[in-house]
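Participant: Sharing a structure here in structure tokens format.
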Amino acid sequence: MIKYPPRVNLARLPTPLTPLERFSAALGGPTIWVKRDETTGTEISGNKVRKLEYVIAQALAENCDTLVTCGGVQSNHCRATAVLGARLGLKVHLILRGNRPSVADGNLMLDYVAGARITYIPESQWATHEEVATQLQSNYSTSGDKAWVIPVGASDEIGLWGYIAACEELSEDFTQQGINPGYIVTATGSGGTQGGLVLGRELYGLDSEIVAINVCDDADWFERKIRRDLRLWKQRYNSQLDVDALPIRTIEGYVGPGYARAGPEVFDIICRLARAEGLFLDPVYTAKAFHGMVREIESGRLADTDHIVFIHTGGLFGVFPQKQYFEFP
């Protein structure tokens, strides 16, 4: 029996696991199943809330009344933190990478509507964001508040529990559906979802290989980041698991023009899947990863199985600020 740390129930769980029958048939490969984590909520939809359930629980246990976190201007994680903070009566201060746009759209609009305070850091100065977060924490302390700093994506040793728990769900899903997928595929941007799946696979004895498709950085970065998080998890929770032996597989080649920027093939896959299945992806995370998965299946590298699972990590609000890149007949 796995002993979980404190958790605040914030997500609508468990999420469904559903097959993409028409899309899979047209592709001619294994049956693709989608773990529908975009249904964890409406305004807090996606993978971020799974991690925040544990991270915010720790902040509350430390008697914090303020959450400080970081991300891109269209960060799903920052939007989820802003909304959850409002729901729980906590102050939220976001540190966003880039300049303030003339129009607040998508996730950023929801950040403002939810009442988050926002500090912008130009791209060229983003390396200082952790120092800025620490300074804000000190400033809040001076004013009588207690702030908890959440790293980008809530991707730390506490946040890993979100996708350890998701693997418990997946184990039950596979039993109910009578399947044994060869691969579980996810987008990876800050490593927390990928790292949690790596741990959860081992703890729940899943046969599926965890495969991540990076939307930024490179495989070496994710190897270092996730190894560090796994070691911190082992230390914090006194685990006897040999975390250094756990495989971390990141498939490169699908970042495109850069983080939060996508080529036409990404917008094309969004439309193809929406028209075939009524399922929507986003151009920052899920569509890049789904496109990469499809290409890997077509190449034969992920085709040696009857079933493959794709983790839909949400991000729908990120579609709207990039609407000009869609081509419609």
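Scheme for the structure tokens: letters A, B, ... for chains in order shown; per-chain residue numbers from 1; ligand numbers from 1 in order shown.
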Please list as a VMD selection string every residue within 12 Å of A:Gly29, counting only C-alpha atoms and excluding residues in the same chain fewer than 4 positions away.
Facilitator: chain A and resid 20 to 25 293 to 308
Participant: Filtering to C-alpha atoms, could you give me those residues as a short mmCIF file (atom, residue, chain, number, x, y, z; two decimals), in the first residue's frame?
Facilitator:
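Saved to out-v9.cif:
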```
data_model
loop_
_atom_site.label_atom_id
_atom_site.label_comp_id
_atom_site.auth_asym_id
_atom_site.auth_seq_id
_atom_site.Cartn_x
_atom_site.Cartn_y
_atom_site.Cartn_z
CA LEU A 20 -9.70 7.16 -30.75
CA GLU A 21 -11.31 4.58 -32.99
CA ARG A 22 -11.69 6.57 -36.22
CA PHE A 23 -8.35 8.34 -35.99
CA SER A 24 -6.52 5.10 -35.15
CA ALA A 25 -8.20 3.24 -38.02
CA MET A 293 3.62 10.39 -31.43
CA VAL A 294 1.88 10.01 -34.80
CA ARG A 295 5.14 10.49 -36.66
CA GLU A 296 6.86 7.94 -34.41
CA ILE A 297 4.04 5.43 -35.07
CA GLU A 298 4.28 6.04 -38.81
CA SER A 299 8.04 5.49 -38.67
CA GLY A 300 7.51 2.16 -36.89
CA ARG A 301 9.28 3.23 -33.69
CA LEU A 302 6.10 3.19 -31.57
CA ALA A 303 4.13 0.72 -33.66
CA ASP A 304 5.15 -2.56 -31.97
CA THR A 305 2.05 -2.70 -29.76
CA ASP A 306 -1.71 -3.08 -30.12
CA HIS A 307 -2.47 -0.18 -27.77
CA ILE A 308 -0.85 3.14 -26.94
#
```
Participant: Could you produce a table of the residues of stretch 72-96 of chain A lying within 12 Å of stretch 143-148 of chain A, with the nearest pair of atoms per residue and their separation in Å rounded to one decimal, using only C-alpha atoms, ordered by chain and increasing residue number, as CSV?
Facilitator:
```
residue,atom,partner,partner_atom,distance
A:Thr81,CA,A:Trp148,CA,11.8
A:Gly85,CA,A:Trp148,CA,11.7
A:Leu90,CA,A:Ala147,CA,9.6
A:Lys91,CA,A:Ala147,CA,8.7
A:Val92,CA,A:Ala147,CA,8.9
A:His93,CA,A:Ala147,CA,9.3
A:Leu94,CA,A:Trp148,CA,11.9
```
Participant: Which value, in Å to one decimal, gives the distance between atom CA of A:Ala245 and atom CA of A:Glu168?
Facilitator: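 That distance, rounded to one decimal, is 20.9 Å.
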Participant: Pick from A:Ala80, A:Val149, A:Leu160, A:Leu13: nearest to A:Leu232, with only C-alpha atoms counted?
Facilitator: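 Closest residue, counting only C-alpha atoms: A:Leu160.
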Participant: Using only C-alpha atoms, determine which residues lie at most 12 Å from stretch 98-104 of chain A, disregarding the query and same-chain residues fewer than 6 positions distant; provide the list as a list in words.
Facilitator: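 Near stretch 98-104 of chain A, the qualifying residues are Cys70, Gly71, Gly72, Val73, Gln74, Ser75, Leu110, Asp111, Tyr112, Val113, Ile118, Thr119, Tyr120, Ile121, Pro122, Glu123, Ser124, Gln125, Trp126, Ala127, His129, Phe317, Gly318, Phe320 and Pro321 of chain A.
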Participant: Those same residues, written as a PDB file, in the first residue's frame with C-alpha atoms?
Facilitator:
```
ATOM      1  CA  CYS A  70       6.352  31.283 -12.500  1.00  0.00           C
ATOM      2  CA  GLY A  71       5.730  30.482 -16.156  1.00  0.00           C
ATOM      3  CA  GLY A  72       5.160  31.808 -19.635  1.00  0.00           C
ATOM      4  CA  VAL A  73       2.616  34.495 -20.429  1.00  0.00           C
ATOM      5  CA  GLN A  74       0.216  31.760 -21.565  1.00  0.00           C
ATOM      6  CA  SER A  75       1.152  29.315 -18.799  1.00  0.00           C
ATOM      7  CA  LEU A 110      -8.127  34.324 -16.827  1.00  0.00           C
ATOM      8  CA  ASP A 111      -5.143  35.163 -14.596  1.00  0.00           C
ATOM      9  CA  TYR A 112      -6.318  38.754 -14.400  1.00  0.00           C
ATOM     10  CA  VAL A 113      -9.993  37.867 -14.010  1.00  0.00           C
ATOM     11  CA  ILE A 118       1.489  39.704 -12.081  1.00  0.00           C
ATOM     12  CA  THR A 119       5.135  40.609 -12.499  1.00  0.00           C
ATOM     13  CA  TYR A 120       6.596  40.395 -16.018  1.00  0.00           C
ATOM     14  CA  ILE A 121      10.238  39.524 -16.653  1.00  0.00           C
ATOM     15  CA  PRO A 122      11.673  40.094 -20.153  1.00  0.00           C
ATOM     16  CA  GLU A 123      12.879  36.964 -21.940  1.00  0.00           C
ATOM     17  CA  SER A 124      16.475  38.161 -21.703  1.00  0.00           C
ATOM     18  CA  GLN A 125      16.255  38.322 -17.887  1.00  0.00           C
ATOM     19  CA  TRP A 126      14.307  35.096 -17.287  1.00  0.00           C
ATOM     20  CA  ALA A 127      17.333  33.424 -15.684  1.00  0.00           C
ATOM     21  CA  HIS A 129      13.047  34.386 -12.092  1.00  0.00           C
ATOM     22  CA  PHE A 317      -7.098  28.203 -23.559  1.00  0.00           C
ATOM     23  CA  GLY A 318      -3.704  28.349 -25.306  1.00  0.00           C
ATOM     24  CA  PHE A 320      -7.015  31.332 -28.734  1.00  0.00           C
ATOM     25  CA  PRO A 321      -3.891  33.562 -28.651  1.00  0.00           C
TER      26      PRO A 321
END
```
Participant: Contacts of A:Tyr54 at 9 Å or less, counting only C-alpha atoms, minus same-chain residues fewer than 6 places along, as a ChimeraX atom specification?
Facilitator: /A:5-9,158-162
Participant: If you run DSSP on this backbone, which residues of stretch 31-89 of chain A come out as strand (DSSP E), and could you give them as a list of chain:residue names?
Facilitator: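 The strand (DSSP E) residues within stretch 31-89 of chain A come out as A:Thr31, A:Ile32, A:Trp33, A:Val34, A:Lys35, A:Arg36, A:Thr66, A:Leu67, A:Val68, A:Thr69, A:Cys70, A:Gly71, A:Gly72.
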Participant: Please produce a file of the residues just selected, as an mmCIF file, in the first residue's frame, where the atoms kept are all heavy atoms.
Facilitator:
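Written output follows (part05.cif):
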```cif
data_model
loop_
_atom_site.group_PDB
_atom_site.id
_atom_site.type_symbol
_atom_site.label_atom_id
_atom_site.label_comp_id
_atom_site.auth_asym_id
_atom_site.auth_seq_id
_atom_site.Cartn_x
_atom_site.Cartn_y
_atom_site.Cartn_z
ATOM 1 N N THR A 31 -4.205 0.979 -31.652
ATOM 2 C CA THR A 31 -5.315 1.789 -31.157
ATOM 3 C C THR A 31 -4.771 2.820 -30.173
ATOM 4 O O THR A 31 -4.092 2.469 -29.205
ATOM 5 C CB THR A 31 -6.369 0.916 -30.451
ATOM 6 O OG1 THR A 31 -6.892 -0.021 -31.392
ATOM 7 C CG2 THR A 31 -7.501 1.771 -29.899
ATOM 8 N N ILE A 32 -5.056 4.091 -30.437
ATOM 9 C CA ILE A 32 -4.623 5.170 -29.550
ATOM 10 C C ILE A 32 -5.740 5.435 -28.547
ATOM 11 O O ILE A 32 -6.892 5.659 -28.925
ATOM 12 C CB ILE A 32 -4.306 6.449 -30.344
ATOM 13 C CG1 ILE A 32 -3.176 6.191 -31.344
ATOM 14 C CG2 ILE A 32 -3.926 7.592 -29.392
ATOM 15 C CD1 ILE A 32 -2.943 7.334 -32.315
ATOM 16 N N TRP A 33 -5.385 5.384 -27.286
ATOM 17 C CA TRP A 33 -6.307 5.727 -26.198
ATOM 18 C C TRP A 33 -5.868 7.055 -25.603
ATOM 19 O O TRP A 33 -4.670 7.356 -25.550
ATOM 20 C CB TRP A 33 -6.275 4.662 -25.110
ATOM 21 C CG TRP A 33 -6.742 3.312 -25.545
ATOM 22 C CD1 TRP A 33 -6.084 2.436 -26.363
ATOM 23 C CD2 TRP A 33 -7.966 2.672 -25.172
ATOM 24 N NE1 TRP A 33 -6.812 1.302 -26.534
ATOM 25 C CE2 TRP A 33 -7.975 1.409 -25.811
ATOM 26 C CE3 TRP A 33 -9.048 3.027 -24.367
ATOM 27 C CZ2 TRP A 33 -9.029 0.507 -25.671
ATOM 28 C CZ3 TRP A 33 -10.089 2.132 -24.224
ATOM 29 C CH2 TRP A 33 -10.085 0.896 -24.871
ATOM 30 N N VAL A 34 -6.822 7.852 -25.138
ATOM 31 C CA VAL A 34 -6.496 9.147 -24.538
ATOM 32 C C VAL A 34 -6.953 9.170 -23.082
ATOM 33 O O VAL A 34 -8.123 8.922 -22.789
ATOM 34 C CB VAL A 34 -7.155 10.309 -25.307
ATOM 35 C CG1 VAL A 34 -6.851 11.634 -24.628
ATOM 36 C CG2 VAL A 34 -6.660 10.348 -26.746
ATOM 37 N N LYS A 35 -6.008 9.446 -22.192
ATOM 38 C CA LYS A 35 -6.343 9.702 -20.795
ATOM 39 C C LYS A 35 -6.756 11.159 -20.718
ATOM 40 O O LYS A 35 -5.943 12.062 -20.877
ATOM 41 C CB LYS A 35 -5.141 9.413 -19.890
ATOM 42 C CG LYS A 35 -5.415 9.588 -18.396
ATOM 43 C CD LYS A 35 -6.466 8.634 -17.865
ATOM 44 C CE LYS A 35 -6.528 8.680 -16.334
ATOM 45 N NZ LYS A 35 -7.718 7.959 -15.819
ATOM 46 N N ARG A 36 -8.047 11.384 -20.466
ATOM 47 C CA ARG A 36 -8.658 12.695 -20.693
ATOM 48 C C ARG A 36 -8.453 13.638 -19.504
ATOM 49 O O ARG A 36 -9.398 14.104 -18.880
ATOM 50 C CB ARG A 36 -10.137 12.509 -20.992
ATOM 51 C CG ARG A 36 -10.462 11.660 -22.232
ATOM 52 C CD ARG A 36 -10.174 12.405 -23.519
ATOM 53 N NE ARG A 36 -10.890 13.656 -23.582
ATOM 54 C CZ ARG A 36 -12.139 13.789 -24.036
ATOM 55 N NH1 ARG A 36 -12.795 12.737 -24.505
ATOM 56 N NH2 ARG A 36 -12.717 14.972 -24.067
ATOM 57 N N THR A 66 -0.314 32.765 0.693
ATOM 58 C CA THR A 66 0.026 33.332 -0.606
ATOM 59 C C THR A 66 0.793 32.300 -1.421
ATOM 60 O O THR A 66 1.647 31.589 -0.884
ATOM 61 C CB THR A 66 0.895 34.602 -0.436
ATOM 62 O OG1 THR A 66 0.205 35.543 0.397
ATOM 63 C CG2 THR A 66 1.212 35.241 -1.774
ATOM 64 N N LEU A 67 0.474 32.228 -2.710
ATOM 65 C CA LEU A 67 1.199 31.355 -3.629
ATOM 66 C C LEU A 67 1.938 32.209 -4.645
ATOM 67 O O LEU A 67 1.345 33.110 -5.253
ATOM 68 C CB LEU A 67 0.232 30.420 -4.356
ATOM 69 C CG LEU A 67 -0.673 29.540 -3.491
ATOM 70 C CD1 LEU A 67 -1.663 28.776 -4.358
ATOM 71 C CD2 LEU A 67 0.145 28.581 -2.633
ATOM 72 N N VAL A 68 3.217 31.939 -4.815
ATOM 73 C CA VAL A 68 4.037 32.621 -5.827
ATOM 74 C C VAL A 68 4.525 31.560 -6.801
ATOM 75 O O VAL A 68 5.065 30.531 -6.390
ATOM 76 C CB VAL A 68 5.245 33.326 -5.188
ATOM 77 C CG1 VAL A 68 6.148 33.936 -6.276
ATOM 78 C CG2 VAL A 68 4.792 34.405 -4.212
ATOM 79 N N THR A 69 4.314 31.781 -8.090
ATOM 80 C CA THR A 69 4.802 30.820 -9.064
ATOM 81 C C THR A 69 5.160 31.508 -10.376
ATOM 82 O O THR A 69 4.913 32.709 -10.537
ATOM 83 C CB THR A 69 3.778 29.683 -9.277
ATOM 84 O OG1 THR A 69 4.431 28.590 -9.935
ATOM 85 C CG2 THR A 69 2.578 30.132 -10.102
ATOM 86 N N CYS A 70 5.747 30.722 -11.295
ATOM 87 C CA CYS A 70 6.352 31.283 -12.500
ATOM 88 C C CYS A 70 5.917 30.509 -13.741
ATOM 89 O O CYS A 70 5.553 29.333 -13.659
ATOM 90 C CB CYS A 70 7.874 31.204 -12.414
ATOM 91 S SG CYS A 70 8.578 31.658 -10.811
ATOM 92 N N GLY A 71 6.020 31.156 -14.896
ATOM 93 C CA GLY A 71 5.730 30.482 -16.156
ATOM 94 C C GLY A 71 5.669 31.467 -17.295
ATOM 95 O O GLY A 71 5.914 32.668 -17.126
ATOM 96 N N GLY A 72 5.317 30.956 -18.466
ATOM 97 C CA GLY A 72 5.160 31.808 -19.635
ATOM 98 C C GLY A 72 3.904 32.656 -19.543
ATOM 99 O O GLY A 72 3.035 32.423 -18.694
#
```
Participant: Point out the residue among A:Arg249, A:Arg87, A:Asp207, A:Asp37 with the least atom-to-atom distance to A:Leu281, counting only C-alpha atoms.
Facilitator: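 Distance minimum relative to A:Leu281 lands on A:Asp37.
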Participant: Which of these, A:Thr250, A:Thr142, A:Gln324, A:Ser155, has the shortest distance to A:Val49 once you count only C-alpha atoms?
Facilitator: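 Smallest distance to A:Val49 is found for A:Ser155.
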Participant: Could you tell me how far atom CA of A:Gln235 lies from atom CA of A:Leu206, in Å and to one decimal?
Facilitator: 23.5 Å
Participant: Name the residues in contact with stretch 257-264 of chain A at a cut-off of 8 Å, using only C-alpha atoms, excluding same-chain residues fewer than 6 positions from it; report them as a PyMOL selection string.
Facilitator: chain A and resi 215-216+283-285+288+325-326
Participant: I'd like to know which of A:Tyr204, A:Val55, A:Ile179, A:Glu157 is closest to A:Met1, using only C-alpha atoms.
Facilitator: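 Ranked by minimum distance to A:Met1, first place goes to A:Tyr204.
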Participant: Of the candidates A:Glu252, A:Asp244, A:Glu209, A:Glu130, which shows the shortest atom-to-atom distance to A:Trp221, using only C-alpha atoms?
Facilitator: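 Closest to A:Trp221 of all the choices is A:Glu252.
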